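Visitor: Supplied in structure tokens, the structure appears directly below.
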Amino acid sequence: MIDLMAETPSHLSPSSAAAFDQCPRRWRFKYIDRQPEPSHQAALVGSFAHRVLEFLCGLPARHRTTEQAKALAKELWTDFADDPDYQALELGEAEARAFRWQAWLSIMGLWDLEDPARVDVVSTEQKVTVELGGVPFVGVIDRVDRCADRLVVSDYKSGTLPGVRWRSDKIQQVMLYAAALARTADEQPERARLLYLGQRILDVAVTDRRIEEAEGQLSETWTAVSDACSTDGFEAKPSVLCGWCPFVSQCPEGTAELARRSTEGTLPAHAPAAALVA
Ligand code: SF4
């Protein structure tokens with residue numbers, strides 16, 4: 001007899017919870033079957049910018065200058081360029097130059113939002129492991145600051161600022177960081193911020209109600225993950241995002257969605273999977 005049960009994961013992070021909510025089937029391919037996802041250039045640009053800003057904001061305030069950011073970017077680039085994920089992009093010389101330029105614009109985007117030399121940084125890349133709403137939660141907080149004697153949680157974003165109706169998921173994620181910090185540091189942050197580099201800051205007050213909502217949503221996701229693992233019931237949730245799903249060829253529902261959208265003309269031509277139905 002074949003055992004269809006998948007092992008329930010040891011914890012959820014904001015990204016794994018969001019991935020499950022988006023499509024449980026895709027989540028299974030990634031987190032249970034451990035099938036690799038191809039390197040994504042925009043995500044890697046963001047990773048490199050995050051790394052430079054992590055080191056920069058870990059320095060004493062007076063050293064957080066654009067010149068220092070440039071020196072750090074140079075220093076950190078060698079290791080980053082050797083990373084298998086970056087190598088997998090197989091960029092030519094001009095493309096690699098464009099990649100570095102894009103990352104540099106993201107790094108410089110911090111100065112469009114604030115002067116890091118004037119920020120009272122408490123920690124960078126702080127790992128939090130804690131139970132939230134009965135769920136084992138693990139996350140890494142980009143930056144914790146102190147402002148007017150109150151803690152502020154900040155999360156860098158190198159992508160495009162989403163439209164108003166798409167922002168609540170992002171705010172819930174940063175609210176989970178605030179909740180985790182409240183438990184581990186024994187002090188509730190006053191504000192949670194999403195720093196859309198080069199664009200604007202989404203700044204939200206941390207309230208008991210917002211934390212409860214975020215923990216409630218996490219708890220619902222955890223129950224759904226546990227149920228799916230015990231029954232192998234990883235439902236497919238076809239959407240326009242199937243056009244960007246690397247597992248679409250293994251998913252009949254996703255394949256049907258692509259075909260339907262292609263016929264309707266609602267499949268974006270720049271979606272990588274659009275080539276499958278061209
Ligand atoms: S193709 Fe679509 S429905 Fe199928 S796993 Fe990917 S995102 Fe989910």
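Residues in the structure tokens are numbered from 1 in each chain, the chains being A, B, ... in the order shown, and ligands are numbered from 1 in the order shown.
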Residues within 7 Å of ligand 1 (only C-alpha atoms and all ligand atoms), as number ranges by chain?

Guide: A: 23-26, 236-239, 241-242, 245-248, 251, 253-255

Visitor: Would you please extract all alpha helix (DSSP H) residues from range 59-161 of chain A, as assigned by DSSP on the backbone, and give them as a ChimeraX atom specification?

Guide: /A:66-82,84-87,93-113

Visitor: Pull C-alpha atoms from the residues just selected and write them as a short mmCIF file (atom, residue, chain, number, x, y, z; two decimals), in the first residue's frame.

Guide:
data_model
loop_
_atom_site.label_atom_id
_atom_site.label_comp_id
_atom_site.auth_asym_id
_atom_site.auth_seq_id
_atom_site.Cartn_x
_atom_site.Cartn_y
_atom_site.Cartn_z
CA THR A 66 26.73 55.86 -0.14
CA GLU A 67 30.54 55.57 -0.52
CA GLN A 68 30.59 52.83 2.10
CA ALA A 69 27.67 51.09 0.35
CA LYS A 70 29.67 51.14 -2.87
CA ALA A 71 32.72 49.65 -1.16
CA LEU A 72 30.59 46.93 0.44
CA ALA A 73 28.87 46.12 -2.85
CA LYS A 74 32.29 45.63 -4.47
CA GLU A 75 33.53 43.50 -1.60
CA LEU A 76 30.42 41.29 -1.42
CA TRP A 77 30.04 40.88 -5.17
CA THR A 78 32.83 38.32 -5.58
CA ASP A 79 31.17 35.79 -3.29
CA PHE A 80 27.71 36.51 -4.67
CA ALA A 81 28.85 36.02 -8.25
CA ASP A 82 30.11 32.52 -7.32
CA PRO A 84 25.20 28.64 -7.88
CA ASP A 85 21.84 30.48 -8.08
CA TYR A 86 23.50 33.48 -9.73
CA GLN A 87 25.64 31.27 -11.96
CA GLU A 93 28.88 40.44 -19.75
CA ALA A 94 26.34 43.14 -20.66
CA GLU A 95 23.54 41.34 -18.80
CA ALA A 96 25.73 40.94 -15.70
CA ARG A 97 26.47 44.67 -15.85
CA ALA A 98 22.73 45.40 -16.06
CA PHE A 99 22.14 43.07 -13.08
CA ARG A 100 24.71 44.94 -10.95
CA TRP A 101 23.25 48.30 -12.01
CA GLN A 102 19.75 47.17 -11.05
CA ALA A 103 21.02 46.00 -7.64
CA TRP A 104 22.86 49.31 -7.17
CA LEU A 105 19.68 51.28 -7.91
CA SER A 106 17.86 49.21 -5.25
CA ILE A 107 20.64 49.88 -2.72
CA MET A 108 20.62 53.60 -3.47
CA GLY A 109 16.84 53.49 -3.17
CA LEU A 110 17.26 53.40 0.62
CA TRP A 111 18.50 57.03 0.55
CA ASP A 112 15.32 58.02 -1.31
CA LEU A 113 13.42 56.89 1.78
#

Visitor: Counting only C-alpha atoms, which residues of range 120-158 of chain A sit at most 8 Å from some atom of range 173-185 of chain A, and what is each one's closest atom pair with its distance in Å to one decimal, listed by chain and rising residue number, as JSON lines?

Guide:
{"residue": "A:Val128", "atom": "CA", "partner": "A:Ala180", "partner_atom": "CA", "distance": 6.4}
{"residue": "A:Thr129", "atom": "CA", "partner": "A:Ala180", "partner_atom": "CA", "distance": 7.6}
{"residue": "A:Val130", "atom": "CA", "partner": "A:Ala180", "partner_atom": "CA", "distance": 6.3}
{"residue": "A:Glu131", "atom": "CA", "partner": "A:Ala180", "partner_atom": "CA", "distance": 8.0}
{"residue": "A:Leu132", "atom": "CA", "partner": "A:Ala180", "partner_atom": "CA", "distance": 7.1}
{"residue": "A:Gly139", "atom": "CA", "partner": "A:Tyr177", "partner_atom": "CA", "distance": 7.0}
{"residue": "A:Val140", "atom": "CA", "partner": "A:Tyr177", "partner_atom": "CA", "distance": 7.9}
{"residue": "A:Ile141", "atom": "CA", "partner": "A:Tyr177", "partner_atom": "CA", "distance": 6.5}
{"residue": "A:Val153", "atom": "CA", "partner": "A:Ala178", "partner_atom": "CA", "distance": 6.3}
{"residue": "A:Ser154", "atom": "CA", "partner": "A:Val174", "partner_atom": "CA", "distance": 7.7}
{"residue": "A:Asp155", "atom": "CA", "partner": "A:Val174", "partner_atom": "CA", "distance": 7.0}

Visitor: Any chance you can output those residues with C-alpha atoms as an mmCIF file, in the first residue's frame?

Guide:
data_model
loop_
_atom_site.group_PDB
_atom_site.id
_atom_site.type_symbol
_atom_site.label_atom_id
_atom_site.label_comp_id
_atom_site.auth_asym_id
_atom_site.auth_seq_id
_atom_site.Cartn_x
_atom_site.Cartn_y
_atom_site.Cartn_z
ATOM 1 C CA VAL A 128 13.104 34.857 15.383
ATOM 2 C CA THR A 129 11.887 31.390 16.368
ATOM 3 C CA VAL A 130 8.687 31.473 18.357
ATOM 4 C CA GLU A 131 5.168 30.061 18.604
ATOM 5 C CA LEU A 132 2.511 32.426 17.190
ATOM 6 C CA GLY A 139 11.416 34.381 10.372
ATOM 7 C CA VAL A 140 14.302 36.722 9.719
ATOM 8 C CA ILE A 141 13.631 40.427 10.352
ATOM 9 C CA VAL A 153 10.326 46.606 12.518
ATOM 10 C CA SER A 154 11.465 47.207 8.919
ATOM 11 C CA ASP A 155 11.356 44.897 5.913
#

Visitor: With a distance cut-off of 10 Å and only C-alpha atoms, select the neighbouring residues of range 169-171 of chain A, excluding the residue or stretch itself and same-chain residues fewer than 2 positions from it, and output the selection as a list of chain:residue names.

Guide: A:Pro14, A:Ala18, A:Asp155, A:Lys157, A:Pro162, A:Arg165, A:Trp166, A:Arg167, A:Gln173, A:Val174, A:Met175, A:Leu176, A:Ala192, A:Arg193, A:Leu194, A:Leu202, A:Asp203, A:Val204, A:Arg210, A:Ala214, A:Gln217

Visitor: Rank A:Pro116, A:Pro268, A:Gly163, A:Pro136 by their smallest atom-to-atom distance to Phe55 in chain A, using only C-alpha atoms, and report the top residue only.

Guide: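 The answer is A:Pro116, which sits nearest to Phe55 in chain A.
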
Visitor: Given the choices A:Ala88, A:Leu53, A:Ala228, A:Ala117, which gets closest to Leu195 in chain A if the distance is worked out from only C-alpha atoms?

Guide: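 Between A:Ala88, A:Leu53, A:Ala228, A:Ala117, the residue approaching Leu195 in chain A most closely is A:Leu53.
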
Visitor: Please measure the separation of CA of Leu59 in chain A and CA of Ser47 in chain A, giving the value in Å to one decimal.

Guide: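 That distance, rounded to one decimal, is 19.0 Å.
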
Visitor: With only C-alpha atoms as the basis for distance, which of A:Tyr156, A:Phe20, A:Trp244, A:Tyr31 is at the shortest distance from Ala271 in chain A?

Guide: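 Using only C-alpha atoms, Ala271 in chain A sits closest to A:Trp244.
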
Visitor: In Å to one decimal, how far is CA of Ala61 in chain A from CA of Arg118 in chain A?

Guide: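 If I compute the distance from CA of Arg118 in chain A to CA of Ala61 in chain A, I get 6.7 Å.
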
Visitor: Just checking: using only C-alpha atoms, which residue out of A:Arg51, A:Val277, A:Pro36, A:Pro272 ends up closest to Ala259 in chain A?

Guide: A:Val277

Visitor: With only C-alpha atoms as the counted atoms, please give the residues lying no more than 9 Å from Ala17 in chain A, apart from itself and same-chain residues fewer than 6 positions off, as a list in words.

Guide: Leu218, Thr221, Trp222 and Val225 of chain A

Visitor: For the strand (DSSP E) assignment from backbone DSSP, which residues of range 73-267 of chain A qualify? Please present them as an NGL selection string.

Guide: :A and (120-132 or 135-147 or 150-157 or 191-196 or 200-205)

Visitor: Expressed in Å to a single decimal, how great is the separation between CA of Leu44 in chain A and CA of Phe234 in chain A?

Guide: 28.2 Å
